[in-house]
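S.K.: For reference, the file start.cif (mmCIF, C-alpha atoms) is included below:
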data_work
loop_
_atom_site.group_PDB
_atom_site.id
_atom_site.type_symbol
_atom_site.label_atom_id
_atom_site.label_comp_id
_atom_site.auth_asym_id
_atom_site.auth_seq_id
_atom_site.Cartn_x
_atom_site.Cartn_y
_atom_site.Cartn_z
ATOM 1 C CA MET A 5 0.000 0.000 0.000
ATOM 2 C CA ASN A 6 1.202 3.525 -0.756
ATOM 3 C CA LYS A 7 2.759 5.242 2.276
ATOM 4 C CA LYS A 8 0.567 8.271 1.665
ATOM 5 C CA ILE A 9 -2.443 6.033 2.269
ATOM 6 C CA ILE A 10 -0.992 4.102 5.210
ATOM 7 C CA ILE A 11 -0.184 7.165 7.292
ATOM 8 C CA PRO A 12 -3.715 8.649 7.312
ATOM 9 C CA ILE A 13 -5.175 5.202 8.070
ATOM 10 C CA LEU A 14 -2.873 4.723 11.032
ATOM 11 C CA GLY A 15 -3.652 8.245 12.172
ATOM 12 C CA LEU A 16 -7.355 7.431 12.045
ATOM 13 C CA ILE A 17 -6.801 4.193 13.965
ATOM 14 C CA SER A 18 -4.791 6.068 16.587
ATOM 15 C CA SER A 19 -7.638 8.553 16.970
ATOM 16 C CA VAL A 20 -10.100 5.704 17.416
ATOM 17 C CA LEU A 21 -7.897 4.131 20.081
ATOM 18 C CA ILE A 22 -7.555 7.432 21.898
ATOM 19 C CA ALA A 23 -11.281 8.052 21.743
ATOM 20 C CA GLY A 24 -11.917 4.555 23.037
ATOM 21 C CA CYS A 25 -9.534 4.881 25.970
ATOM 22 C CA PHE A 26 -9.652 8.479 27.025
ATOM 23 C CA GLY A 27 -12.572 9.981 28.882
ATOM 24 C CA PRO A 28 -13.744 10.659 32.409
ATOM 25 C CA GLY A 29 -12.112 7.465 33.604
ATOM 26 C CA VAL A 30 -13.467 4.970 36.094
ATOM 27 C CA GLN A 31 -16.200 6.548 38.168
ATOM 28 C CA LYS A 32 -16.735 6.154 41.908
ATOM 29 C CA GLY A 33 -19.335 3.473 42.587
ATOM 30 C CA TYR A 34 -18.523 1.581 39.383
ATOM 31 C CA GLU A 35 -18.548 -1.687 41.312
ATOM 32 C CA ASN A 36 -22.322 -1.339 41.652
ATOM 33 C CA GLN A 37 -22.753 -0.951 37.877
ATOM 34 C CA VAL A 38 -20.699 -3.924 36.705
ATOM 35 C CA GLY A 39 -23.451 -6.503 37.083
ATOM 36 C CA ALA A 40 -21.259 -9.230 38.567
ATOM 37 C CA LYS A 41 -22.985 -12.624 38.665
ATOM 38 C CA GLY A 42 -20.776 -15.412 39.967
ATOM 39 C CA ILE A 43 -20.187 -15.750 43.713
ATOM 40 C CA ILE A 44 -16.470 -15.152 43.325
ATOM 41 C CA GLU A 45 -16.873 -12.432 40.710
ATOM 42 C CA THR A 46 -19.387 -10.664 42.951
ATOM 43 C CA LYS A 47 -17.198 -10.925 46.035
ATOM 44 C CA TYR A 48 -14.092 -9.509 44.395
ATOM 45 C CA THR A 49 -15.917 -6.862 42.386
ATOM 46 C CA SER A 50 -16.959 -5.347 45.714
ATOM 47 C CA PHE A 51 -14.420 -3.380 47.690
ATOM 48 C CA GLY A 52 -12.411 -5.243 50.307
ATOM 49 C CA ASN A 53 -12.239 -4.472 54.019
ATOM 50 C CA SER A 54 -9.084 -2.351 54.092
ATOM 51 C CA GLU A 55 -9.131 1.417 54.291
ATOM 52 C CA VAL A 56 -6.947 2.964 51.590
ATOM 53 C CA ASN A 57 -4.328 5.710 51.505
ATOM 54 C CA SER A 58 -2.221 6.996 48.626
ATOM 55 C CA LYS A 59 1.127 8.675 48.110
ATOM 56 C CA ASP A 60 2.370 10.755 45.180
ATOM 57 C CA ILE A 61 5.991 10.670 44.064
ATOM 58 C CA GLN A 62 7.266 13.109 41.462
ATOM 59 C CA VAL A 63 9.786 11.795 38.945
ATOM 60 C CA SER A 64 12.045 13.410 36.368
ATOM 61 C CA GLY A 65 14.080 12.391 33.359
ATOM 62 C CA THR A 66 11.284 10.192 32.038
ATOM 63 C CA SER A 67 8.287 10.399 29.704
ATOM 64 C CA PHE A 68 6.036 10.907 32.736
ATOM 65 C CA THR A 69 6.157 13.051 35.864
ATOM 66 C CA ASN A 70 4.038 11.396 38.545
ATOM 67 C CA ILE A 71 3.719 8.008 40.202
ATOM 68 C CA ARG A 72 0.860 7.486 42.623
ATOM 69 C CA ILE A 73 0.790 4.523 44.973
ATOM 70 C CA TRP A 74 -2.384 3.284 46.650
ATOM 71 C CA TYR A 75 -2.081 0.952 49.627
ATOM 72 C CA PRO A 76 -3.985 -0.458 52.612
ATOM 73 C CA SER A 77 -3.873 2.079 55.443
ATOM 74 C CA GLU A 78 -2.780 -0.637 57.869
ATOM 75 C CA LEU A 79 0.525 -0.870 55.992
ATOM 76 C CA GLU A 80 1.743 2.225 57.836
ATOM 77 C CA THR A 81 1.777 0.413 61.179
ATOM 78 C CA SER A 82 2.009 -3.265 60.265
ATOM 79 C CA ASN A 83 5.019 -5.533 59.934
ATOM 80 C CA LYS A 84 3.578 -7.359 56.925
ATOM 81 C CA ARG A 85 4.829 -7.418 53.357
ATOM 82 C CA TYR A 86 2.227 -6.781 50.673
ATOM 83 C CA PRO A 87 1.738 -7.961 47.080
ATOM 84 C CA VAL A 88 2.105 -5.336 44.354
ATOM 85 C CA VAL A 89 0.310 -4.676 41.074
ATOM 86 C CA VAL A 90 1.885 -2.185 38.666
ATOM 87 C CA PHE A 91 -0.424 -0.629 36.045
ATOM 88 C CA ALA A 92 0.212 0.333 32.414
ATOM 89 C CA ASN A 93 -2.045 3.000 30.905
ATOM 90 C CA GLY A 94 -4.200 2.923 27.807
ATOM 91 C CA THR A 95 -3.736 5.626 25.191
ATOM 92 C CA GLY A 96 -4.298 9.081 26.649
ATOM 93 C CA VAL A 97 -5.229 7.726 30.084
ATOM 94 C CA ILE A 98 -3.237 8.523 33.236
ATOM 95 C CA ASN A 99 -3.154 7.113 36.754
ATOM 96 C CA THR A 100 -5.815 9.411 38.192
ATOM 97 C CA ALA A 101 -8.354 8.103 35.667
ATOM 98 C CA TYR A 102 -7.896 4.624 37.153
ATOM 99 C CA GLU A 103 -8.001 5.799 40.759
ATOM 100 C CA GLU A 104 -11.084 3.800 41.760
ATOM 101 C CA VAL A 105 -9.530 0.637 40.320
ATOM 102 C CA PHE A 106 -6.352 1.261 42.306
ATOM 103 C CA LYS A 107 -8.371 1.883 45.463
ATOM 104 C CA HIS A 108 -10.283 -1.315 44.824
ATOM 105 C CA LEU A 109 -7.119 -3.424 44.632
ATOM 106 C CA ALA A 110 -5.626 -1.712 47.674
ATOM 107 C CA SER A 111 -8.788 -2.484 49.631
ATOM 108 C CA TRP A 112 -8.019 -6.175 48.999
ATOM 109 C CA GLY A 113 -4.518 -5.851 50.414
ATOM 110 C CA PHE A 114 -2.423 -4.856 47.391
ATOM 111 C CA ILE A 115 -0.001 -2.024 46.816
ATOM 112 C CA ALA A 116 -1.177 -0.579 43.486
ATOM 113 C CA VAL A 117 1.251 1.550 41.469
ATOM 114 C CA GLY A 118 0.292 3.829 38.570
ATOM 115 C CA ASN A 119 1.987 6.567 36.574
ATOM 116 C CA ASP A 120 0.860 9.295 34.177
ATOM 117 C CA ASP A 121 2.547 8.029 31.011
ATOM 118 C CA LYS A 122 0.168 8.433 28.050
ATOM 119 C CA ASN A 123 2.277 6.339 25.673
ATOM 120 C CA SER A 124 3.071 3.223 27.660
ATOM 121 C CA TRP A 125 3.352 0.539 24.970
ATOM 122 C CA ASN A 126 7.060 -0.283 25.282
ATOM 123 C CA GLY A 127 6.839 -1.161 28.965
ATOM 124 C CA LYS A 128 9.545 1.294 29.993
ATOM 125 C CA SER A 129 7.353 3.409 32.261
ATOM 126 C CA THR A 130 5.895 0.258 33.808
ATOM 127 C CA SER A 131 9.419 -0.954 34.468
ATOM 128 C CA LYS A 132 10.348 2.379 36.035
ATOM 129 C CA SER A 133 7.254 2.259 38.254
ATOM 130 C CA LEU A 134 8.412 -1.145 39.453
ATOM 131 C CA ASP A 135 11.925 0.193 40.064
ATOM 132 C CA LEU A 136 10.462 2.988 42.152
ATOM 133 C CA ILE A 137 8.388 0.782 44.470
ATOM 134 C CA ILE A 138 11.396 -1.527 44.924
ATOM 135 C CA SER A 139 13.493 1.541 45.758
ATOM 136 C CA GLU A 140 10.857 2.655 48.276
ATOM 137 C CA ASN A 141 10.981 -0.807 49.808
ATOM 138 C CA ASN A 142 14.701 -0.280 50.442
ATOM 139 C CA ASN A 143 14.383 3.298 51.680
ATOM 140 C CA LYS A 144 14.385 3.512 55.488
ATOM 141 C CA ASN A 145 12.594 6.867 55.302
ATOM 142 C CA SER A 146 9.714 5.542 53.200
ATOM 143 C CA VAL A 147 6.345 4.342 54.453
ATOM 144 C CA PHE A 148 6.922 1.355 52.134
ATOM 145 C CA TYR A 149 10.225 0.348 53.769
ATOM 146 C CA GLN A 150 10.329 -3.454 53.958
ATOM 147 C CA LYS A 151 6.596 -3.596 53.128
ATOM 148 C CA VAL A 152 6.858 -4.974 49.571
ATOM 149 C CA ASN A 153 6.738 -8.700 48.914
ATOM 150 C CA THR A 154 9.164 -8.859 46.002
ATOM 151 C CA LYS A 155 8.010 -12.414 45.188
ATOM 152 C CA GLN A 156 4.423 -11.251 44.680
ATOM 153 C CA ILE A 157 4.464 -8.647 41.905
ATOM 154 C CA GLY A 158 1.887 -8.478 39.124
ATOM 155 C CA VAL A 159 1.243 -6.170 36.196
ATOM 156 C CA SER A 160 -2.012 -5.049 34.597
ATOM 157 C CA GLY A 161 -2.859 -2.861 31.624
ATOM 158 C CA HIS A 162 -5.669 -1.851 29.275
ATOM 159 C CA SER A 163 -5.522 -1.408 25.475
ATOM 160 C CA GLN A 164 -2.108 0.099 24.667
ATOM 161 C CA GLY A 165 -1.395 -0.757 28.302
ATOM 162 C CA GLY A 166 -2.058 -4.406 27.466
ATOM 163 C CA VAL A 167 0.781 -4.140 24.953
ATOM 164 C CA ALA A 168 2.902 -2.553 27.691
ATOM 165 C CA VAL A 169 2.169 -5.495 29.984
ATOM 166 C CA ILE A 170 3.663 -7.922 27.468
ATOM 167 C CA ASN A 171 6.700 -5.728 26.858
ATOM 168 C CA ALA A 172 7.220 -5.055 30.571
ATOM 169 C CA ILE A 173 7.431 -8.782 31.307
ATOM 170 C CA THR A 174 9.542 -9.688 28.277
ATOM 171 C CA THR A 175 11.884 -6.826 27.321
ATOM 172 C CA GLN A 176 12.860 -4.856 30.429
ATOM 173 C CA SER A 177 15.839 -5.324 32.746
ATOM 174 C CA ASN A 178 13.549 -6.093 35.697
ATOM 175 C CA SER A 179 11.112 -8.302 33.751
ATOM 176 C CA ASP A 180 11.964 -11.303 35.925
ATOM 177 C CA LEU A 181 10.404 -9.639 38.987
ATOM 178 C CA PHE A 182 6.901 -9.933 37.563
ATOM 179 C CA ARG A 183 5.074 -13.121 38.586
ATOM 180 C CA SER A 184 1.624 -12.634 37.044
ATOM 181 C CA ALA A 185 0.075 -10.595 34.219
ATOM 182 C CA PHE A 186 -3.373 -9.339 33.231
ATOM 183 C CA GLY A 187 -4.211 -7.647 29.933
ATOM 184 C CA ALA A 188 -7.578 -6.016 29.206
ATOM 185 C CA SER A 189 -8.480 -5.376 25.541
ATOM 186 C CA THR A 190 -4.870 -5.708 24.454
ATOM 187 C CA THR A 191 -4.443 -4.131 21.020
ATOM 188 C CA LYS A 192 -4.323 -6.866 18.377
ATOM 189 C CA HIS A 193 -0.838 -7.644 17.160
ATOM 190 C CA GLU A 194 -1.056 -6.527 13.549
ATOM 191 C CA LEU A 195 -2.604 -3.202 14.557
ATOM 192 C CA SER A 196 0.065 -2.756 17.211
ATOM 193 C CA VAL A 197 2.773 -3.367 14.653
ATOM 194 C CA GLY A 198 1.139 -0.834 12.329
ATOM 195 C CA LEU A 199 1.140 1.685 15.163
ATOM 196 C CA GLN A 200 4.782 0.818 15.904
ATOM 197 C CA TRP A 201 3.886 -0.868 19.206
ATOM 198 C CA PRO A 202 5.421 -4.315 18.578
ATOM 199 C CA TYR A 203 5.177 -7.115 21.139
ATOM 200 C CA ASP A 204 6.024 -10.817 21.317
ATOM 201 C CA VAL A 205 3.733 -13.004 23.439
ATOM 202 C CA SER A 206 5.867 -16.058 22.676
ATOM 203 C CA LYS A 207 8.253 -14.811 25.378
ATOM 204 C CA VAL A 208 5.597 -14.724 28.132
ATOM 205 C CA THR A 209 6.308 -17.439 30.687
ATOM 206 C CA ILE A 210 4.377 -16.224 33.755
ATOM 207 C CA PRO A 211 0.624 -16.745 34.333
ATOM 208 C CA TYR A 212 -1.227 -14.593 31.789
ATOM 209 C CA PHE A 213 -4.928 -13.653 31.763
ATOM 210 C CA ALA A 214 -6.351 -11.740 28.776
ATOM 211 C CA VAL A 215 -9.876 -10.334 28.561
ATOM 212 C CA ALA A 216 -11.799 -8.206 26.073
ATOM 213 C CA GLY A 217 -15.312 -6.929 25.497
ATOM 214 C CA MET A 218 -17.835 -8.283 23.022
ATOM 215 C CA GLY A 219 -18.931 -4.829 21.876
ATOM 216 C CA ALA A 220 -17.909 -3.826 18.364
ATOM 217 C CA SER A 221 -15.065 -1.542 19.499
ATOM 218 C CA ASP A 222 -13.200 -4.614 20.762
ATOM 219 C CA ALA A 223 -14.780 -7.459 18.811
ATOM 220 C CA GLY A 224 -15.050 -5.807 15.397
ATOM 221 C CA ASP A 225 -17.778 -6.565 12.889
ATOM 222 C CA GLY A 226 -16.793 -10.193 12.326
ATOM 223 C CA LYS A 227 -16.292 -9.608 8.587
ATOM 224 C CA ASP A 228 -12.574 -8.941 8.349
ATOM 225 C CA ARG A 229 -9.400 -8.560 10.399
ATOM 226 C CA LYS A 230 -9.338 -4.778 10.098
ATOM 227 C CA SER A 231 -12.151 -3.995 12.529
ATOM 228 C CA GLY A 232 -12.017 -4.189 16.299
ATOM 229 C CA ILE A 233 -9.188 -3.451 18.725
ATOM 230 C CA ALA A 234 -9.158 -6.826 20.506
ATOM 231 C CA PRO A 235 -11.273 -9.330 18.541
ATOM 232 C CA LEU A 236 -11.558 -12.982 19.523
ATOM 233 C CA TRP A 237 -9.322 -14.211 16.709
ATOM 234 C CA SER A 238 -6.493 -11.997 17.973
ATOM 235 C CA MET A 239 -6.906 -13.282 21.525
ATOM 236 C CA ILE A 240 -6.732 -16.867 20.259
ATOM 237 C CA GLU A 241 -3.694 -16.125 18.094
ATOM 238 C CA ASN A 242 -1.912 -14.550 21.052
ATOM 239 C CA MET A 243 -2.783 -17.489 23.288
ATOM 240 C CA ASP A 244 -1.506 -19.927 20.685
ATOM 241 C CA GLN A 245 1.778 -18.002 20.534
ATOM 242 C CA LEU A 246 2.404 -18.476 24.261
ATOM 243 C CA PRO A 247 4.865 -21.179 25.299
ATOM 244 C CA LYS A 248 2.954 -24.421 25.752
ATOM 245 C CA SER A 249 3.691 -24.526 29.482
ATOM 246 C CA THR A 250 2.517 -20.969 30.281
ATOM 247 C CA PRO A 251 -0.601 -20.890 32.514
ATOM 248 C CA SER A 252 -3.106 -18.787 30.600
ATOM 249 C CA ILE A 253 -6.736 -17.765 30.246
ATOM 250 C CA ILE A 254 -8.680 -15.814 27.658
ATOM 251 C CA ALA A 255 -12.275 -14.656 28.163
ATOM 252 C CA ARG A 256 -14.694 -12.126 26.700
ATOM 253 C CA ARG A 257 -17.170 -10.033 28.703
ATOM 254 C CA ARG A 258 -20.697 -9.704 27.388
ATOM 255 C CA ASP A 259 -22.295 -6.235 27.244
ATOM 256 C CA ALA A 260 -18.902 -4.540 27.310
ATOM 257 C CA PHE A 261 -17.185 -2.221 24.869
ATOM 258 C CA HIS A 262 -13.478 -1.390 24.765
ATOM 259 C CA GLU A 263 -13.583 1.362 27.390
ATOM 260 C CA HIS A 264 -15.714 -0.749 29.767
ATOM 261 C CA MET A 265 -12.881 -3.226 30.198
ATOM 262 C CA LEU A 266 -11.135 -0.636 32.348
ATOM 263 C CA TYR A 267 -13.398 -1.860 35.139
ATOM 264 C CA LYS A 268 -15.869 -4.582 34.104
ATOM 265 C CA ALA A 269 -13.238 -7.265 34.611
ATOM 266 C CA ASP A 270 -12.125 -6.014 38.020
ATOM 267 C CA GLY A 271 -13.703 -8.841 40.009
ATOM 268 C CA TYR A 272 -11.806 -11.519 38.144
ATOM 269 C CA MET A 273 -8.668 -9.388 37.825
ATOM 270 C CA THR A 274 -8.573 -9.090 41.614
ATOM 271 C CA ALA A 275 -9.256 -12.812 42.019
ATOM 272 C CA TRP A 276 -6.528 -13.575 39.458
ATOM 273 C CA PHE A 277 -3.873 -11.657 41.352
ATOM 274 C CA LEU A 278 -4.992 -13.053 44.703
ATOM 275 C CA TYR A 279 -4.728 -16.546 43.254
ATOM 276 C CA THR A 280 -1.503 -16.238 41.265
ATOM 277 C CA LEU A 281 0.389 -13.982 43.680
ATOM 278 C CA THR A 282 -0.889 -15.011 47.126
ATOM 279 C CA SER A 283 -2.233 -18.549 46.477
ATOM 280 C CA ASP A 284 -5.709 -17.577 47.714
ATOM 281 C CA SER A 285 -7.701 -20.828 47.592
ATOM 282 C CA GLU A 286 -11.114 -19.174 47.189
ATOM 283 C CA ALA A 287 -10.008 -16.926 44.326
ATOM 284 C CA LYS A 288 -8.465 -19.976 42.648
ATOM 285 C CA LYS A 289 -11.915 -21.518 42.190
ATOM 286 C CA ALA A 290 -12.755 -18.855 39.624
ATOM 287 C CA PHE A 291 -10.186 -20.348 37.247
ATOM 288 C CA SER A 292 -9.313 -23.844 38.382
ATOM 289 C CA GLY A 293 -10.839 -27.256 38.983
ATOM 290 C CA SER A 294 -13.402 -29.285 37.070
ATOM 291 C CA SER A 295 -15.904 -26.408 36.948
ATOM 292 C CA PRO A 296 -14.170 -23.008 37.227
ATOM 293 C CA GLU A 297 -16.636 -20.230 37.938
ATOM 294 C CA ILE A 298 -15.630 -18.068 34.973
ATOM 295 C CA LYS A 299 -16.718 -20.845 32.600
ATOM 296 C CA GLN A 300 -20.159 -21.070 34.225
ATOM 297 C CA ASN A 301 -20.674 -17.314 34.556
ATOM 298 C CA SER A 302 -23.133 -15.958 31.977
ATOM 299 C CA ASN A 303 -21.286 -12.617 31.955
ATOM 300 C CA TRP A 304 -18.424 -14.347 30.159
ATOM 301 C CA GLN A 305 -17.975 -16.464 27.061
ATOM 302 C CA ASP A 306 -15.249 -17.817 24.790
ATOM 303 C CA VAL A 307 -13.347 -18.834 27.913
ATOM 304 C CA GLU A 308 -10.272 -20.963 27.340
ATOM 305 C CA ILE A 309 -8.039 -22.107 30.173
ATOM 306 C CA ARG A 310 -4.651 -23.750 29.737
ATOM 307 C CA ASN A 311 -2.194 -25.179 32.291
ATOM 308 C CA ILE A 312 -4.237 -24.162 35.316
ATOM 309 C CA ARG A 313 -5.270 -27.034 37.581
#
Now, as a test, write the supplied structure out as structure tokens.
M.R.:
Amino acid sequence: MNKKIIIPILGLISSVLIAGCFGPGVQKGYENQVGAKGIIETKYTSFGNSEVNSKDIQVSGTSFTNIRIWYPSELETSNKRYPVVVFANGTGVINTAYEEVFKHLASWGFIAVGNDDKNSWNGKSTSKSLDLIISENNNKNSVFYQKVNTKQIGVSGHSQGGVAVINAITTQSNSDLFRSAFGASTTKHELSVGLQWPYDVSKVTIPYFAVAGMGASDAGDGKDRKSGIAPLWSMIENMDQLPKSTPSIIARRRDAFHEHMLYKADGYMTAWFLYTLTSDSEAKKAFSGSSPEIKQNSNWQDVEIRNIR
């Protein structure tokens, strides 16, 4: 195709992605609008029992300027170490737009780390966010001193941030610190390559859970490969590219468009990290056993589970 044609098309696609990701963000009270149905999905869609605090840290010399960390208030006085989830942003979205999601995870006992990078695809800002929380863990003057469980670190991202998740766990110097990954509406590979956001899922060796919506913005029109940001065929292709031994799940949420996946998967995202990072036996039932809840839950379809027992 002529370059003069390609460039406007990619510009249009970029605009669509930005429009799909950017907006007012996740609203307070979203957990009551999700329509969770399964027992486990319902439990972990609700907020946990912990009160939540947050801390802002300004950074320089990077493509972003702010990292905000949400955490259970009890952390300030406890002797416990806490699991961590680092977030990668969708196009045009920054940490404050996800604030309710971060609060939600913190209420379940996680340290949640987000930055304000609007172009996260390469995983560098996600990697730097991880470096920062590890640095805080080693800083005697920090509230997070010796409070991070460095064996329980996960990463989550939406849209372009789903691309960043893959790159953060496969291309960065601290990739080996991540133990679990979650990608919501990850931009399909051929579109990502066209946008110069390449990624390689064949290098993913940690537990990986990918979700998308069934609305047209994610699923496309079903007629060709050009429509949709995260259609089913792309999820299957990515899953098939994973190493055969990698624990993995794909699932699609009914009644959800691209932007809804910022929060409509929160119940199972929380359960996923509780299971894969902390070995929570109740959360495990959502994904494991002879009848995992996610496969029986009418909110979800096209569920495929591999290497999870």
S.K.: Expressed in Å to a single decimal, how great is the separation between atom CA of Leu199 of chain A and atom CA of Ser179 of chain A?
M.R.: 23.3 Å
S.K.: With a distance cut-off of 7 Å and all atoms listed in the file, select the neighbouring residues of segment 252-263 of chain A, excluding the residue or stretch itself and same-chain residues fewer than 6 positions from it, and output the selection as a compact mmCIF listing (two decimals) with C-alpha atoms, in the frame of the given file.
M.R.:
# COMPACT_ATOMS: atom_id res chain seq x y z
CA GLY A 24 -11.92 4.56 23.04
CA CYS A 25 -9.53 4.88 25.97
CA SER A 189 -8.48 -5.38 25.54
CA PRO A 211 0.62 -16.74 34.33
CA TYR A 212 -1.23 -14.59 31.79
CA PHE A 213 -4.93 -13.65 31.76
CA ALA A 214 -6.35 -11.74 28.78
CA VAL A 215 -9.88 -10.33 28.56
CA ALA A 216 -11.80 -8.21 26.07
CA GLY A 217 -15.31 -6.93 25.50
CA MET A 218 -17.84 -8.28 23.02
CA GLY A 219 -18.93 -4.83 21.88
CA ALA A 220 -17.91 -3.83 18.36
CA SER A 221 -15.06 -1.54 19.50
CA ASP A 222 -13.20 -4.61 20.76
CA MET A 239 -6.91 -13.28 21.52
CA ASN A 303 -21.29 -12.62 31.96
CA TRP A 304 -18.42 -14.35 30.16
CA GLN A 305 -17.98 -16.46 27.06
CA ASP A 306 -15.25 -17.82 24.79
CA VAL A 307 -13.35 -18.83 27.91
CA GLU A 308 -10.27 -20.96 27.34
CA ILE A 309 -8.04 -22.11 30.17
CA ARG A 310 -4.65 -23.75 29.74
CA ASN A 311 -2.19 -25.18 32.29
S.K.: Counting all atoms listed in the file, which residue out of A:Asn99, A:Gln37, A:Thr209, A:Asn242 sits closest to Glu194 of chain A?
M.R.: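 With all atoms listed in the file as the atom set, the closest residue is A:Asn242.
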S.K.: With all atoms listed in the file as the atoms that count, which of A:Arg229, A:Lys144, A:Lys59, A:Lys128 lies nearest to Asn171 of chain A?
M.R.: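 Smallest distance to Asn171 of chain A is found for A:Lys128.
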S.K.: Between A:Tyr203, A:Phe114, A:Tyr75, A:Phe51, which is the closest to Asn126 of chain A once you count only C-alpha atoms?
M.R.: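 Ranked by minimum distance to Asn126 of chain A, first place goes to A:Tyr203.
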S.K.: Which residues fall under the PyMOL selection byres ((chain A and resi 286-293) around 8) in this file, as a list in words?
M.R.: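 Answer for the PyMOL selection byres ((chain A and resi 286-293) around 8): Ile44, Glu45, Tyr272, Ala275, Trp276, Leu278, Tyr279, Ser283, Asp284, Ser285, Ser294, Ser295, Pro296, Glu297, Ile298, Ile309, Ile312 and Arg313 of chain A.
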S.K.: Just so the selection is clear, what residues does the PyMOL selection byres ((chain A and resi 187) around 10) cover here, as a PDB file with C-alpha atoms, keeping the file's coordinate frame?
M.R.:
ATOM      1  CA  ALA A  92       0.212   0.333  32.414  1.00  0.00           C
ATOM      2  CA  VAL A 159       1.243  -6.170  36.196  1.00  0.00           C
ATOM      3  CA  SER A 160      -2.012  -5.049  34.597  1.00  0.00           C
ATOM      4  CA  GLY A 161      -2.859  -2.861  31.624  1.00  0.00           C
ATOM      5  CA  HIS A 162      -5.669  -1.851  29.275  1.00  0.00           C
ATOM      6  CA  SER A 163      -5.522  -1.408  25.475  1.00  0.00           C
ATOM      7  CA  GLN A 164      -2.108   0.099  24.667  1.00  0.00           C
ATOM      8  CA  GLY A 165      -1.395  -0.757  28.302  1.00  0.00           C
ATOM      9  CA  GLY A 166      -2.058  -4.406  27.466  1.00  0.00           C
ATOM     10  CA  VAL A 167       0.781  -4.140  24.953  1.00  0.00           C
ATOM     11  CA  ALA A 168       2.902  -2.553  27.691  1.00  0.00           C
ATOM     12  CA  VAL A 169       2.169  -5.495  29.984  1.00  0.00           C
ATOM     13  CA  ILE A 170       3.663  -7.922  27.468  1.00  0.00           C
ATOM     14  CA  ALA A 185       0.075 -10.595  34.219  1.00  0.00           C
ATOM     15  CA  PHE A 186      -3.373  -9.339  33.231  1.00  0.00           C
ATOM     16  CA  ALA A 188      -7.578  -6.016  29.206  1.00  0.00           C
ATOM     17  CA  SER A 189      -8.480  -5.376  25.541  1.00  0.00           C
ATOM     18  CA  THR A 190      -4.870  -5.708  24.454  1.00  0.00           C
ATOM     19  CA  THR A 191      -4.443  -4.131  21.020  1.00  0.00           C
ATOM     20  CA  TYR A 212      -1.227 -14.593  31.789  1.00  0.00           C
ATOM     21  CA  PHE A 213      -4.928 -13.653  31.763  1.00  0.00           C
ATOM     22  CA  ALA A 214      -6.351 -11.740  28.776  1.00  0.00           C
ATOM     23  CA  VAL A 215      -9.876 -10.334  28.561  1.00  0.00           C
ATOM     24  CA  ALA A 216     -11.799  -8.206  26.073  1.00  0.00           C
ATOM     25  CA  ILE A 254      -8.680 -15.814  27.658  1.00  0.00           C
ATOM     26  CA  MET A 265     -12.881  -3.226  30.198  1.00  0.00           C
ATOM     27  CA  MET A 273      -8.668  -9.388  37.825  1.00  0.00           C
TER      28      MET A 273
END
S.K.: Here's the selection I'm unsure about, the PyMOL selection byres ((chain A and resi 57) around 9); applied to the file above, which residues does it give, as a ChimeraX atom specification?
M.R.: /A:55-56,58-59,73-77,107,110
S.K.: So which residues touch Asn119 of chain A within 8 Å, counting only C-alpha atoms, skipping near sequence neighbours fewer than 3 positions away, as a ChimeraX atom specification?
M.R.: /A:68-72,91-93,98-99,129-130,133
S.K.: Please indicate the distance in Å from atom CA of Thr49 of chain A to atom CA of Tyr86 of chain A, rounded to one decimal place.
M.R.: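 Taking atom CA of Thr49 of chain A and atom CA of Tyr86 of chain A, their separation equals 19.9 Å.
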S.K.: Give me segment 88-97 of chain A with N, CA and C atoms filled in, as a compact mmCIF listing (two decimals), in the coordinates of the input.
M.R.:
# COMPACT_ATOMS: atom_id res chain seq x y z
N VAL A 88 2.11 -6.57 45.15
CA VAL A 88 2.10 -5.34 44.35
C VAL A 88 1.51 -5.61 42.98
N VAL A 89 0.73 -4.66 42.47
CA VAL A 89 0.31 -4.68 41.07
C VAL A 89 0.69 -3.33 40.46
N VAL A 90 1.48 -3.38 39.41
CA VAL A 90 1.88 -2.18 38.67
C VAL A 90 0.98 -2.06 37.44
N PHE A 91 0.51 -0.85 37.14
CA PHE A 91 -0.42 -0.63 36.04
C PHE A 91 0.22 0.09 34.87
N ALA A 92 -0.20 -0.32 33.66
CA ALA A 92 0.21 0.33 32.41
C ALA A 92 -1.02 0.98 31.79
N ASN A 93 -0.90 2.22 31.36
CA ASN A 93 -2.04 3.00 30.90
C ASN A 93 -2.42 2.74 29.45
N GLY A 94 -3.72 2.87 29.17
CA GLY A 94 -4.20 2.92 27.81
C GLY A 94 -3.88 4.28 27.19
N THR A 95 -4.08 4.40 25.90
CA THR A 95 -3.74 5.63 25.19
C THR A 95 -4.47 6.84 25.76
N GLY A 96 -3.71 7.84 26.16
CA GLY A 96 -4.30 9.08 26.65
C GLY A 96 -4.84 9.02 28.06
N VAL A 97 -4.69 7.87 28.73
CA VAL A 97 -5.23 7.73 30.08
C VAL A 97 -4.08 7.77 31.08
